[in-house]
Amino acid sequence: MGSIAKSYPPGIHVPSLTWFRSDDTQSIDWELQERHLEFLVRSGLHGIVIAGTNGEAATLTPDEKSRLVSLTRSVAQKQGRADLAITCGTFGGCTQAIIEDTKLACKAGADYALVLVPSYFHFALDSDAIVAFFQEVASASPIPIVIYNFPGVVSGLNVNSEMLQTLGDHPNIVAVKLTCGTIASVSRTVAKFGPGLAKSGAQPSFVALAGQSDWLVPCLSVGGTGCITGLANLFPKACIEIFNLYTSGKKAKAEELQLQLASVEWGFGKGGINGTKWVVGKYREYPEDSTWCRRPYPKFLDEGKREWITETVKPLQKVEEALVQRDA
């Protein structure tokens, strides 16, 4: 680990979905995976996250994650974006397993590692233990660490703003993704480390990002640097447009589009990962057999839910198409 880690790029990062075949082992559909990554890279997103929650990190083998990262880098290079920021999610039951995951991610070509707290022994992990965990991982990781605060998937463990203020001092911890939706953690982080989009162009050593795009503008308004959002698997340009409008001073227009997007994001939130994959596949015209999550996550088969999510995300489709035509 170097003494000064590279900063986390501002903007819109997407946790790429992982696509599986409908065979007995649900192996990765590499042809469709490459097709989807080409779409994401071509859209102009500021970064791609591999093996996040939307990417079903808990179901992936180390070899699969490594190959996904390598494929993403290859796609980026082919499209003239060799320096695209790639973040790889980690997963494991102990500190050493997470450290090994960061090394694997680095070897495969990732720039950053996204780290959740191991939660099997959640009943024993107090604030001191959680802080010590992140510090140990960061000190051993060959790439910078992004804290992933998502209490909903780690038995309620929360990396609160007080803990973040301590962790942000570590030279190899560069950002936090707040899927907890706590905007106060953004403002308190900014109060200590400085605004992430300062006019001087200098970025602080530690920044905060929204974990969903439905509060991108509120996050930016208190000094956050962007978001990591699953919605960008379908509407990347709409997310980028909000970021660009806000950072260019067109805040009223950014707020207007934010309100449209927030209603659509509810479809992704309520629909779950299986609903998200199904509706992305429907609108992107992917084979339905490759939209299922790895078992035991159930298939998205309820016709009422399918109709609801299709109609819920539909309003942003015209916005996305217009932006694609504008940027062509």
# chains A, B, ... in the order shown; residues from 1 in each chain; ligands from 1

$ select_by_dssp --residues "segment 139-265 of chain A" --states "alpha helix (DSSP H)" --output "JSON list (two decimals) with all heavy atoms, in the first residue's frame"
[["chain", "number", "residue", "atom", "x", "y", "z"],
["A", 139, "SER", "N", -5.13, -1.38, 5.69],
["A", 139, "SER", "CA", -3.67, -1.40, 5.82],
["A", 139, "SER", "C", -3.05, -2.53, 5.01],
["A", 139, "SER", "O", -1.90, -2.44, 4.58],
["A", 139, "SER", "CB", -3.29, -1.56, 7.30],
["A", 139, "SER", "OG", -3.67, -0.42, 8.04],
["A", 140, "ALA", "N", -3.82, -3.61, 4.80],
["A", 140, "ALA", "CA", -3.28, -4.76, 4.06],
["A", 140, "ALA", "C", -3.66, -4.76, 2.59],
["A", 140, "ALA", "O", -3.06, -5.47, 1.78],
["A", 140, "ALA", "CB", -3.78, -6.05, 4.71],
["A", 161, "SER", "N", -21.66, 8.01, 11.42],
["A", 161, "SER", "CA", -20.83, 9.15, 11.02],
["A", 161, "SER", "C", -19.63, 9.34, 11.94],
["A", 161, "SER", "O", -18.56, 9.78, 11.50],
["A", 161, "SER", "CB", -21.67, 10.42, 10.98],
["A", 161, "SER", "OG", -22.28, 10.68, 12.22],
["A", 162, "GLU", "N", -19.77, 9.00, 13.21],
["A", 162, "GLU", "CA", -18.63, 9.11, 14.13],
["A", 162, "GLU", "C", -17.53, 8.13, 13.75],
["A", 162, "GLU", "O", -16.34, 8.47, 13.74],
["A", 162, "GLU", "CB", -19.11, 8.85, 15.56],
["A", 162, "GLU", "CG", -18.03, 9.08, 16.61],
["A", 162, "GLU", "CD", -18.55, 8.92, 18.02],
["A", 162, "GLU", "OE1", -19.63, 8.32, 18.20],
["A", 162, "GLU", "OE2", -17.89, 9.40, 18.96],
["A", 163, "MET", "N", -17.93, 6.92, 13.38],
["A", 163, "MET", "CA", -16.96, 5.91, 12.94],
["A", 163, "MET", "C", -16.32, 6.32, 11.61],
["A", 163, "MET", "O", -15.12, 6.13, 11.40],
["A", 163, "MET", "CB", -17.65, 4.56, 12.82],
["A", 163, "MET", "CG", -18.18, 4.04, 14.15],
["A", 163, "MET", "SD", -19.54, 2.86, 13.97],
["A", 163, "MET", "CE", -18.69, 1.45, 13.31],
["A", 164, "LEU", "N", -17.12, 6.90, 10.73],
["A", 164, "LEU", "CA", -16.59, 7.34, 9.44],
["A", 164, "LEU", "C", -15.55, 8.43, 9.60],
["A", 164, "LEU", "O", -14.57, 8.50, 8.85],
["A", 164, "LEU", "CB", -17.73, 7.83, 8.54],
["A", 164, "LEU", "CG", -18.71, 6.76, 8.05],
["A", 164, "LEU", "CD1", -19.87, 7.41, 7.30],
["A", 164, "LEU", "CD2", -18.01, 5.74, 7.15],
["A", 165, "GLN", "N", -15.74, 9.30, 10.57],
["A", 165, "GLN", "CA", -14.77, 10.38, 10.79],
["A", 165, "GLN", "C", -13.43, 9.82, 11.23],
["A", 165, "GLN", "O", -12.38, 10.39, 10.93],
["A", 165, "GLN", "CB", -15.32, 11.38, 11.80],
["A", 165, "GLN", "CG", -16.46, 12.21, 11.25],
["A", 165, "GLN", "CD", -16.92, 13.31, 12.19],
["A", 165, "GLN", "OE1", -16.38, 13.46, 13.28],
["A", 165, "GLN", "NE2", -17.89, 14.08, 11.76],
["A", 166, "THR", "N", -13.44, 8.71, 11.94],
["A", 166, "THR", "CA", -12.19, 8.04, 12.32],
["A", 166, "THR", "C", -11.61, 7.29, 11.14],
["A", 166, "THR", "O", -10.42, 7.40, 10.84],
["A", 166, "THR", "CB", -12.45, 7.05, 13.48],
["A", 166, "THR", "OG1", -12.91, 7.76, 14.62],
["A", 166, "THR", "CG2", -11.18, 6.29, 13.84],
["A", 167, "LEU", "N", -12.44, 6.53, 10.44],
["A", 167, "LEU", "CA", -11.96, 5.71, 9.34],
["A", 167, "LEU", "C", -11.45, 6.54, 8.17],
["A", 167, "LEU", "O", -10.52, 6.15, 7.46],
["A", 167, "LEU", "CB", -13.08, 4.78, 8.87],
["A", 167, "LEU", "CG", -13.45, 3.67, 9.87],
["A", 167, "LEU", "CD1", -14.73, 2.97, 9.45],
["A", 167, "LEU", "CD2", -12.31, 2.66, 9.98],
["A", 183, "ILE", "N", -28.41, 10.95, 5.03],
["A", 183, "ILE", "CA", -27.75, 12.13, 4.46],
["A", 183, "ILE", "C", -26.93, 12.86, 5.50],
["A", 183, "ILE", "O", -25.95, 13.55, 5.17],
["A", 183, "ILE", "CB", -28.80, 13.06, 3.81],
["A", 183, "ILE", "CG1", -28.07, 14.10, 2.93],
["A", 183, "ILE", "CG2", -29.67, 13.73, 4.87],
["A", 183, "ILE", "CD1", -29.00, 14.88, 2.04],
["A", 184, "ALA", "N", -27.27, 12.72, 6.78],
["A", 184, "ALA", "CA", -26.48, 13.37, 7.83],
["A", 184, "ALA", "C", -25.05, 12.85, 7.83],
["A", 184, "ALA", "O", -24.12, 13.60, 8.17],
["A", 184, "ALA", "CB", -27.13, 13.13, 9.19],
["A", 185, "SER", "N", -24.85, 11.59, 7.43],
["A", 185, "SER", "CA", -23.49, 11.06, 7.36],
["A", 185, "SER", "C", -22.69, 11.74, 6.26],
["A", 185, "SER", "O", -21.47, 11.89, 6.38],
["A", 185, "SER", "CB", -23.52, 9.54, 7.11],
["A", 185, "SER", "OG", -23.95, 8.85, 8.27],
["A", 186, "VAL", "N", -23.37, 12.17, 5.20],
["A", 186, "VAL", "CA", -22.69, 12.93, 4.15],
["A", 186, "VAL", "C", -22.24, 14.28, 4.70],
["A", 186, "VAL", "O", -21.08, 14.67, 4.58],
["A", 186, "VAL", "CB", -23.59, 13.14, 2.92],
["A", 186, "VAL", "CG1", -22.83, 13.91, 1.84],
["A", 186, "VAL", "CG2", -24.08, 11.81, 2.37],
["A", 187, "SER", "N", -23.16, 15.00, 5.30],
["A", 187, "SER", "CA", -22.85, 16.34, 5.78],
["A", 187, "SER", "C", -21.79, 16.33, 6.87],
["A", 187, "SER", "O", -20.91, 17.20, 6.92],
["A", 187, "SER", "CB", -24.12, 17.05, 6.25],
["A", 187, "SER", "OG", -24.77, 16.31, 7.25],
["A", 188, "ARG", "N", -21.83, 15.33, 7.75],
["A", 188, "ARG", "CA", -20.83, 15.25, 8.82],
["A", 188, "ARG", "C", -19.46, 14.86, 8.26],
["A", 188, "ARG", "O", -18.43, 15.34, 8.74],
["A", 188, "ARG", "CB", -21.28, 14.26, 9.89],
["A", 188, "ARG", "CG", -22.46, 14.76, 10.70],
["A", 188, "ARG", "CD", -22.98, 13.71, 11.66],
["A", 188, "ARG", "NE", -24.23, 14.17, 12.27],
["A", 188, "ARG", "CZ", -25.26, 13.39, 12.55],
["A", 188, "ARG", "NH1", -25.20, 12.10, 12.26],
["A", 188, "ARG", "NH2", -26.35, 13.88, 13.10],
["A", 189, "THR", "N", -19.47, 14.03, 7.23],
["A", 189, "THR", "CA", -18.21, 13.68, 6.57],
["A", 189, "THR", "C", -17.60, 14.91, 5.91],
["A", 189, "THR", "O", -16.40, 15.18, 6.02],
["A", 189, "THR", "CB", -18.45, 12.59, 5.51],
["A", 189, "THR", "OG1", -18.85, 11.39, 6.16],
["A", 189, "THR", "CG2", -17.20, 12.32, 4.69],
["A", 190, "VAL", "N", -18.44, 15.67, 5.23],
["A", 190, "VAL", "CA", -17.98, 16.88, 4.56],
["A", 190, "VAL", "C", -17.49, 17.92, 5.57],
["A", 190, "VAL", "O", -16.52, 18.64, 5.33],
["A", 190, "VAL", "CB", -19.10, 17.47, 3.68],
["A", 190, "VAL", "CG1", -18.69, 18.83, 3.12],
["A", 190, "VAL", "CG2", -19.42, 16.51, 2.53],
["A", 191, "ALA", "N", -18.16, 17.99, 6.72],
["A", 191, "ALA", "CA", -17.75, 18.94, 7.76],
["A", 191, "ALA", "C", -16.32, 18.70, 8.21],
["A", 191, "ALA", "O", -15.59, 19.66, 8.53],
["A", 191, "ALA", "CB", -18.70, 18.84, 8.96],
["A", 192, "LYS", "N", -15.90, 17.44, 8.21],
["A", 192, "LYS", "CA", -14.52, 17.15, 8.63],
["A", 192, "LYS", "C", -13.53, 17.16, 7.47],
["A", 192, "LYS", "O", -12.45, 17.74, 7.58],
["A", 192, "LYS", "CB", -14.46, 15.79, 9.33],
["A", 192, "LYS", "CG", -13.02, 15.40, 9.67],
["A", 192, "LYS", "CD", -12.90, 14.18, 10.53],
["A", 192, "LYS", "CE", -11.42, 13.90, 10.83],
["A", 192, "LYS", "NZ", -11.22, 12.72, 11.70],
["A", 193, "PHE", "N", -13.91, 16.52, 6.35],
["A", 193, "PHE", "CA", -12.94, 16.30, 5.28],
["A", 193, "PHE", "C", -13.03, 17.30, 4.13],
["A", 193, "PHE", "O", -12.15, 17.35, 3.28],
["A", 193, "PHE", "CB", -13.07, 14.88, 4.73],
["A", 193, "PHE", "CG", -12.77, 13.82, 5.76],
["A", 193, "PHE", "CD1", -13.80, 13.17, 6.42],
["A", 193, "PHE", "CD2", -11.47, 13.50, 6.08],
["A", 193, "PHE", "CE1", -13.54, 12.19, 7.37],
["A", 193, "PHE", "CE2", -11.19, 12.52, 7.03],
["A", 193, "PHE", "CZ", -12.22, 11.87, 7.68],
["A", 216, "LEU", "N", -29.62, 11.65, -5.05],
["A", 216, "LEU", "CA", -28.37, 12.17, -5.62],
["A", 216, "LEU", "C", -28.25, 13.68, -5.40],
["A", 216, "LEU", "O", -27.21, 14.16, -4.92],
["A", 216, "LEU", "CB", -28.31, 11.84, -7.11],
["A", 216, "LEU", "CG", -27.17, 12.47, -7.92],
["A", 216, "LEU", "CD1", -25.82, 12.12, -7.34],
["A", 216, "LEU", "CD2", -27.27, 12.04, -9.38],
["A", 217, "VAL", "N", -29.29, 14.44, -5.74],
["A", 217, "VAL", "CA", -29.22, 15.89, -5.57],
["A", 217, "VAL", "C", -29.06, 16.27, -4.09],
["A", 217, "VAL", "O", -28.21, 17.10, -3.76],
["A", 217, "VAL", "CB", -30.45, 16.59, -6.19],
["A", 217, "VAL", "CG1", -30.56, 18.04, -5.71],
["A", 217, "VAL", "CG2", -30.35, 16.55, -7.71],
["A", 218, "PRO", "N", -29.84, 15.71, -3.16],
["A", 218, "PRO", "CA", -29.60, 16.02, -1.76],
["A", 218, "PRO", "C", -28.17, 15.70, -1.32],
["A", 218, "PRO", "O", -27.57, 16.45, -0.54],
["A", 218, "PRO", "CB", -30.62, 15.14, -1.03],
["A", 218, "PRO", "CG", -31.73, 15.00, -1.99],
["A", 218, "PRO", "CD", -31.07, 14.91, -3.34],
["A", 219, "CYS", "N", -27.62, 14.59, -1.80],
["A", 219, "CYS", "CA", -26.25, 14.22, -1.46],
["A", 219, "CYS", "C", -25.26, 15.28, -1.97],
["A", 219, "CYS", "O", -24.38, 15.74, -1.24],
["A", 219, "CYS", "CB", -25.92, 12.86, -2.05],
["A", 219, "CYS", "SG", -24.23, 12.30, -1.77],
["A", 220, "LEU", "N", -25.42, 15.67, -3.23],
["A", 220, "LEU", "CA", -24.54, 16.69, -3.81],
["A", 220, "LEU", "C", -24.69, 18.02, -3.10],
["A", 220, "LEU", "O", -23.71, 18.77, -2.93],
["A", 220, "LEU", "CB", -24.85, 16.85, -5.30],
["A", 220, "LEU", "CG", -24.55, 15.66, -6.21],
["A", 220, "LEU", "CD1", -25.10, 15.92, -7.61],
["A", 220, "LEU", "CD2", -23.05, 15.38, -6.26],
["A", 221, "SER", "N", -25.90, 18.32, -2.65],
["A", 221, "SER", "CA", -26.16, 19.63, -2.04],
["A", 221, "SER", "C", -25.43, 19.84, -0.73],
["A", 221, "SER", "O", -25.21, 20.99, -0.31],
["A", 221, "SER", "CB", -27.67, 19.82, -1.82],
["A", 221, "SER", "OG", -28.13, 19.00, -0.76],
["A", 236, "PRO", "N", -28.56, 4.92, -17.41],
["A", 236, "PRO", "CA", -27.31, 5.58, -17.03],
["A", 236, "PRO", "C", -27.24, 7.06, -17.40],
["A", 236, "PRO", "O", -26.76, 7.89, -16.62],
["A", 236, "PRO", "CB", -26.25, 4.78, -17.80],
["A", 236, "PRO", "CG", -26.99, 4.16, -18.95],
["A", 236, "PRO", "CD", -28.35, 3.85, -18.41],
["A", 237, "LYS", "N", -27.74, 7.41, -18.57],
["A", 237, "LYS", "CA", -27.61, 8.79, -19.01],
["A", 237, "LYS", "C", -28.50, 9.74, -18.19],
["A", 237, "LYS", "O", -28.13, 10.90, -17.98],
["A", 237, "LYS", "CB", -27.92, 8.91, -20.50],
["A", 237, "LYS", "CG", -26.79, 8.38, -21.38],
["A", 237, "LYS", "CD", -26.99, 8.73, -22.83],
["A", 237, "LYS", "CE", -25.79, 8.30, -23.66],
["A", 237, "LYS", "NZ", -24.56, 9.06, -23.33],
["A", 238, "ALA", "N", -29.63, 9.26, -17.72],
["A", 238, "ALA", "CA", -30.48, 10.09, -16.87],
["A", 238, "ALA", "C", -29.78, 10.41, -15.57],
["A", 238, "ALA", "O", -29.83, 11.55, -15.07],
["A", 238, "ALA", "CB", -31.81, 9.39, -16.61],
["A", 239, "CYS", "N", -29.09, 9.42, -15.01],
["A", 239, "CYS", "CA", -28.34, 9.64, -13.77],
["A", 239, "CYS", "C", -27.19, 10.61, -14.00],
["A", 239, "CYS", "O", -26.96, 11.54, -13.21],
["A", 239, "CYS", "CB", -27.80, 8.31, -13.24],
["A", 239, "CYS", "SG", -29.06, 7.12, -12.76],
["A", 240, "ILE", "N", -26.46, 10.41, -15.10],
["A", 240, "ILE", "CA", -25.34, 11.29, -15.43],
["A", 240, "ILE", "C", -25.84, 12.71, -15.67],
["A", 240, "ILE", "O", -25.19, 13.69, -15.27],
["A", 240, "ILE", "CB", -24.60, 10.77, -16.68],
["A", 240, "ILE", "CG1", -23.96, 9.42, -16.40],
["A", 240, "ILE", "CG2", -23.54, 11.78, -17.14],
["A", 240, "ILE", "CD1", -23.44, 8.72, -17.64],
["A", 241, "GLU", "N", -27.01, 12.85, -16.30],
["A", 241, "GLU", "CA", -27.57, 14.17, -16.59],
["A", 241, "GLU", "C", -27.85, 14.94, -15.31],
["A", 241, "GLU", "O", -27.57, 16.16, -15.24],
["A", 241, "GLU", "CB", -28.84, 14.02, -17.42],
["A", 241, "GLU", "CG", -29.48, 15.34, -17.85],
["A", 241, "GLU", "CD", -28.71, 16.07, -18.94],
["A", 241, "GLU", "OE1", -27.66, 15.55, -19.39],
["A", 241, "GLU", "OE2", -29.16, 17.15, -19.35],
["A", 242, "ILE", "N", -28.39, 14.28, -14.32],
["A", 242, "ILE", "CA", -28.65, 14.96, -13.04],
["A", 242, "ILE", "C", -27.33, 15.47, -12.45],
["A", 242, "ILE", "O", -27.23, 16.62, -12.00],
["A", 242, "ILE", "CB", -29.35, 14.02, -12.05],
["A", 242, "ILE", "CG1", -30.76, 13.70, -12.53],
["A", 242, "ILE", "CG2", -29.42, 14.66, -10.66],
["A", 242, "ILE", "CD1", -31.48, 12.66, -11.68],
["A", 243, "PHE", "N", -26.34, 14.61, -12.45],
["A", 243, "PHE", "CA", -25.02, 15.00, -11.92],
["A", 243, "PHE", "C", -24.45, 16.18, -12.69],
["A", 243, "PHE", "O", -23.97, 17.16, -12.10],
["A", 243, "PHE", "CB", -24.07, 13.81, -11.99],
["A", 243, "PHE", "CG", -22.68, 14.11, -11.49],
["A", 243, "PHE", "CD1", -22.40, 14.11, -10.13],
["A", 243, "PHE", "CD2", -21.65, 14.40, -12.38],
["A", 243, "PHE", "CE1", -21.11, 14.39, -9.67],
["A", 243, "PHE", "CE2", -20.37, 14.68, -11.93],
["A", 243, "PHE", "CZ", -20.10, 14.68, -10.57],
["A", 244, "ASN", "N", -24.49, 16.13, -14.02],
["A", 244, "ASN", "CA", -23.93, 17.20, -14.84],
["A", 244, "ASN", "C", -24.69, 18.51, -14.67],
["A", 244, "ASN", "O", -24.09, 19.59, -14.61],
["A", 244, "ASN", "CB", -23.92, 16.79, -16.31],
["A", 244, "ASN", "CG", -22.88, 15.73, -16.61],
["A", 244, "ASN", "OD1", -21.94, 15.51, -15.84],
["A", 244, "ASN", "ND2", -23.02, 15.05, -17.74],
["A", 245, "LEU", "N", -26.02, 18.42, -14.62],
["A", 245, "LEU", "CA", -26.82, 19.63, -14.43],
["A", 245, "LEU", "C", -26.49, 20.30, -13.10],
["A", 245, "LEU", "O", -26.28, 21.52, -13.03],
["A", 245, "LEU", "CB", -28.31, 19.29, -14.48],
["A", 245, "LEU", "CG", -28.90, 18.97, -15.85],
["A", 245, "LEU", "CD1", -30.32, 18.43, -15.71],
["A", 245, "LEU", "CD2", -28.90, 20.21, -16.75],
["A", 246, "TYR", "N", -26.43, 19.49, -12.05],
["A", 246, "TYR", "CA", -26.18, 20.07, -10.73],
["A", 246, "TYR", "C", -24.79, 20.69, -10.64],
["A", 246, "TYR", "O", -24.63, 21.81, -10.16],
["A", 246, "TYR", "CB", -26.35, 19.01, -9.63],
["A", 246, "TYR", "CG", -26.36, 19.62, -8.25],
["A", 246, "TYR", "CD1", -27.55, 20.02, -7.66],
["A", 246, "TYR", "CD2", -25.17, 19.83, -7.55],
["A", 246, "TYR", "CE1", -27.56, 20.62, -6.41],
["A", 246, "TYR", "CE2", -25.17, 20.42, -6.30],
["A", 246, "TYR", "CZ", -26.38, 20.82, -5.74],
["A", 246, "TYR", "OH", -26.37, 21.42, -4.50],
["A", 247, "THR", "N", -23.80, 19.96, -11.10],
["A", 247, "THR", "CA", -22.42, 20.44, -10.97],
["A", 247, "THR", "C", -22.10, 21.60, -11.92],
["A", 247, "THR", "O", -21.10, 22.30, -11.73],
["A", 247, "THR", "CB", -21.41, 19.30, -11.21],
["A", 247, "THR", "OG1", -21.66, 18.69, -12.48],
["A", 247, "THR", "CG2", -21.54, 18.25, -10.11],
["A", 251, "LYS", "N", -29.19, 23.93, -11.11],
["A", 251, "LYS", "CA", -29.74, 23.15, -10.00],
["A", 251, "LYS", "C", -31.25, 22.93, -10.13],
["A", 251, "LYS", "O", -31.75, 21.85, -9.77],
["A", 251, "LYS", "CB", -29.41, 23.84, -8.68],
["A", 251, "LYS", "CG", -27.91, 23.89, -8.41],
["A", 251, "LYS", "CD", -27.58, 24.53, -7.07],
["A", 251, "LYS", "CE", -26.07, 24.53, -6.84],
["A", 251, "LYS", "NZ", -25.70, 25.14, -5.54],
["A", 252, "ALA", "N", -31.97, 23.89, -10.63],
["A", 252, "ALA", "CA", -33.42, 23.73, -10.76],
["A", 252, "ALA", "C", -33.75, 22.60, -11.73],
["A", 252, "ALA", "O", -34.65, 21.79, -11.47],
["A", 252, "ALA", "CB", -34.05, 25.03, -11.23],
["A", 253, "LYS", "N", -33.03, 22.53, -12.84],
["A", 253, "LYS", "CA", -33.26, 21.46, -13.81],
["A", 253, "LYS", "C", -32.85, 20.11, -13.23],
["A", 253, "LYS", "O", -33.50, 19.09, -13.48],
["A", 253, "LYS", "CB", -32.49, 21.74, -15.10],
["A", 253, "LYS", "CG", -33.04, 22.90, -15.92],
["A", 253, "LYS", "CD", -32.32, 23.04, -17.24],
["A", 253, "LYS", "CE", -32.93, 24.16, -18.09],
["A", 253, "LYS", "NZ", -32.22, 24.29, -19.39],
["A", 254, "ALA", "N", -31.77, 20.12, -12.45],
["A", 254, "ALA", "CA", -31.33, 18.88, -11.81],
["A", 254, "ALA", "C", -32.38, 18.38, -10.84],
["A", 254, "ALA", "O", -32.69, 17.18, -10.78],
["A", 254, "ALA", "CB", -30.00, 19.10, -11.09],
["A", 255, "GLU", "N", -32.97, 19.30, -10.08],
["A", 255, "GLU", "CA", -33.99, 18.93, -9.11],
["A", 255, "GLU", "C", -35.25, 18.40, -9.79],
["A", 255, "GLU", "O", -35.89, 17.46, -9.31],
["A", 255, "GLU", "CB", -34.32, 20.13, -8.22],
["A", 255, "GLU", "CG", -33.16, 20.52, -7.29],
["A", 255, "GLU", "CD", -33.36, 21.88, -6.65],
["A", 255, "GLU", "OE1", -34.37, 22.55, -6.98],
["A", 255, "GLU", "OE2", -32.50, 22.29, -5.85],
["A", 256, "GLU", "N", -35.59, 18.99, -10.92],
["A", 256, "GLU", "CA", -36.77, 18.55, -11.67],
["A", 256, "GLU", "C", -36.61, 17.11, -12.15],
["A", 256, "GLU", "O", -37.51, 16.28, -12.02],
["A", 256, "GLU", "CB", -37.00, 19.49, -12.85],
["A", 256, "GLU", "CG", -38.22, 19.13, -13.70],
["A", 256, "GLU", "CD", -38.40, 20.06, -14.88],
["A", 256, "GLU", "OE1", -37.70, 21.10, -14.95],
["A", 256, "GLU", "OE2", -39.23, 19.75, -15.76],
["A", 257, "LEU", "N", -35.43, 16.82, -12.71],
["A", 257, "LEU", "CA", -35.17, 15.46, -13.20],
["A", 257, "LEU", "C", -35.03, 14.49, -12.02],
["A", 257, "LEU", "O", -35.42, 13.33, -12.12],
["A", 257, "LEU", "CB", -33.92, 15.45, -14.07],
["A", 257, "LEU", "CG", -33.56, 14.12, -14.75],
["A", 257, "LEU", "CD1", -34.74, 13.54, -15.53],
["A", 257, "LEU", "CD2", -32.34, 14.30, -15.66],
["A", 258, "GLN", "N", -34.50, 14.97, -10.92],
["A", 258, "GLN", "CA", -34.37, 14.13, -9.73],
["A", 258, "GLN", "C", -35.72, 13.62, -9.26],
["A", 258, "GLN", "O", -35.87, 12.45, -8.87],
["A", 258, "GLN", "CB", -33.70, 14.93, -8.60],
["A", 258, "GLN", "CG", -33.65, 14.23, -7.25],
["A", 258, "GLN", "CD", -32.63, 13.12, -7.19],
["A", 258, "GLN", "OE1", -31.49, 13.31, -6.80],
["A", 258, "GLN", "NE2", -33.05, 11.91, -7.58],
["A", 259, "LEU", "N", -36.73, 14.48, -9.29],
["A", 259, "LEU", "CA", -38.06, 14.07, -8.86],
["A", 259, "LEU", "C", -38.63, 12.98, -9.77],
["A", 259, "LEU", "O", -39.28, 12.05, -9.31],
["A", 259, "LEU", "CB", -39.00, 15.28, -8.83],
["A", 259, "LEU", "CG", -38.65, 16.36, -7.79],
["A", 259, "LEU", "CD1", -39.62, 17.53, -7.90],
["A", 259, "LEU", "CD2", -38.66, 15.79, -6.38],
["A", 260, "GLN", "N", -38.38, 13.10, -11.07],
["A", 260, "GLN", "CA", -38.83, 12.06, -11.99],
["A", 260, "GLN", "C", -38.13, 10.74, -11.70],
["A", 260, "GLN", "O", -38.75, 9.67, -11.66],
["A", 260, "GLN", "CB", -38.55, 12.47, -13.43],
["A", 260, "GLN", "CG", -39.33, 13.68, -13.92],
["A", 260, "GLN", "CD", -39.00, 13.99, -15.37],
["A", 260, "GLN", "OE1", -39.15, 13.14, -16.26],
["A", 260, "GLN", "NE2", -38.54, 15.20, -15.63],
["A", 261, "LEU", "N", -36.83, 10.84, -11.48],
["A", 261, "LEU", "CA", -36.04, 9.64, -11.27],
["A", 261, "LEU", "C", -36.39, 8.95, -9.95],
["A", 261, "LEU", "O", -36.41, 7.71, -9.87],
["A", 261, "LEU", "CB", -34.55, 10.00, -11.31],
["A", 261, "LEU", "CG", -33.55, 8.84, -11.20],
["A", 261, "LEU", "CD1", -32.32, 9.14, -12.04],
["A", 261, "LEU", "CD2", -33.14, 8.62, -9.75],
["A", 262, "ALA", "N", -36.67, 9.73, -8.92],
["A", 262, "ALA", "CA", -36.96, 9.16, -7.61],
["A", 262, "ALA", "C", -38.18, 8.24, -7.65],
["A", 262, "ALA", "O", -38.20, 7.18, -7.01],
["A", 262, "ALA", "CB", -37.17, 10.26, -6.58],
["A", 263, "SER", "N", -39.18, 8.63, -8.41],
["A", 263, "SER", "CA", -40.37, 7.79, -8.54],
["A", 263, "SER", "C", -40.06, 6.49, -9.25],
["A", 263, "SER", "O", -40.59, 5.42, -8.91],
["A", 263, "SER", "CB", -41.47, 8.55, -9.30],
["A", 263, "SER", "OG", -41.86, 9.71, -8.59],
["A", 264, "VAL", "N", -39.19, 6.57, -10.24],
["A", 264, "VAL", "CA", -38.81, 5.37, -11.00],
["A", 264, "VAL", "C", -37.94, 4.44, -10.14],
["A", 264, "VAL", "O", -38.09, 3.22, -10.18],
["A", 264, "VAL", "CB", -38.07, 5.78, -12.29],
["A", 264, "VAL", "CG1", -37.45, 4.57, -12.96],
["A", 264, "VAL", "CG2", -39.03, 6.49, -13.24],
["A", 265, "GLU", "N", -37.05, 5.02, -9.36],
["A", 265, "GLU", "CA", -36.15, 4.19, -8.54],
["A", 265, "GLU", "C", -36.93, 3.33, -7.54],
["A", 265, "GLU", "O", -36.46, 2.27, -7.14],
["A", 265, "GLU", "CB", -35.13, 5.05, -7.80],
["A", 265, "GLU", "CG", -34.24, 4.29, -6.83],
["A", 265, "GLU", "CD", -32.76, 4.45, -7.11],
["A", 265, "GLU", "OE1", -32.35, 5.52, -7.56],
["A", 265, "GLU", "OE2", -32.01, 3.49, -6.86]]

$ select_by_dssp --residues "segment 72-282 of chain A" --states "strand (DSSP E or B)" --output "PyMOL selection string"
chain A and resi 85-89+112-115+145-149+173-178+207-210+226-228

$ atom_distance --atom1 "atom CA of Tyr297 of chain A" --atom2 "atom CA of Phe268 of chain A"
15.8 Å

$ atom_distance --atom1 "atom CA of Thr225 of chain A" --atom2 "atom CA of Gly196 of chain A"
5.1 Å

$ atom_distance --atom1 "atom CA of Asp101 of chain A" --atom2 "atom CA of Pro171 of chain A"
19.3 Å

$ closest_residue --among "A:Phe123, A:Phe150, A:Phe300, A:Phe91" --to "Lys282 of chain A" --atoms "only C-alpha atoms"
A:Phe300

$ closest_residue --among "A:Glu311, A:Asp111, A:Asp126, A:Glu34" --to "Asp83 of chain A" --atoms "only C-alpha atoms"
A:Asp111

$ closest_residue --among "A:Thr276, A:Thr18, A:Thr72, A:Ser205" --to "Thr59 of chain A" --atoms "only C-alpha atoms"
A:Thr18

$ closest_residue --among "A:Leu178, A:Ala138, A:Leu125, A:Leu45" --to "Pro151 of chain A" --atoms "only C-alpha atoms"
A:Leu178
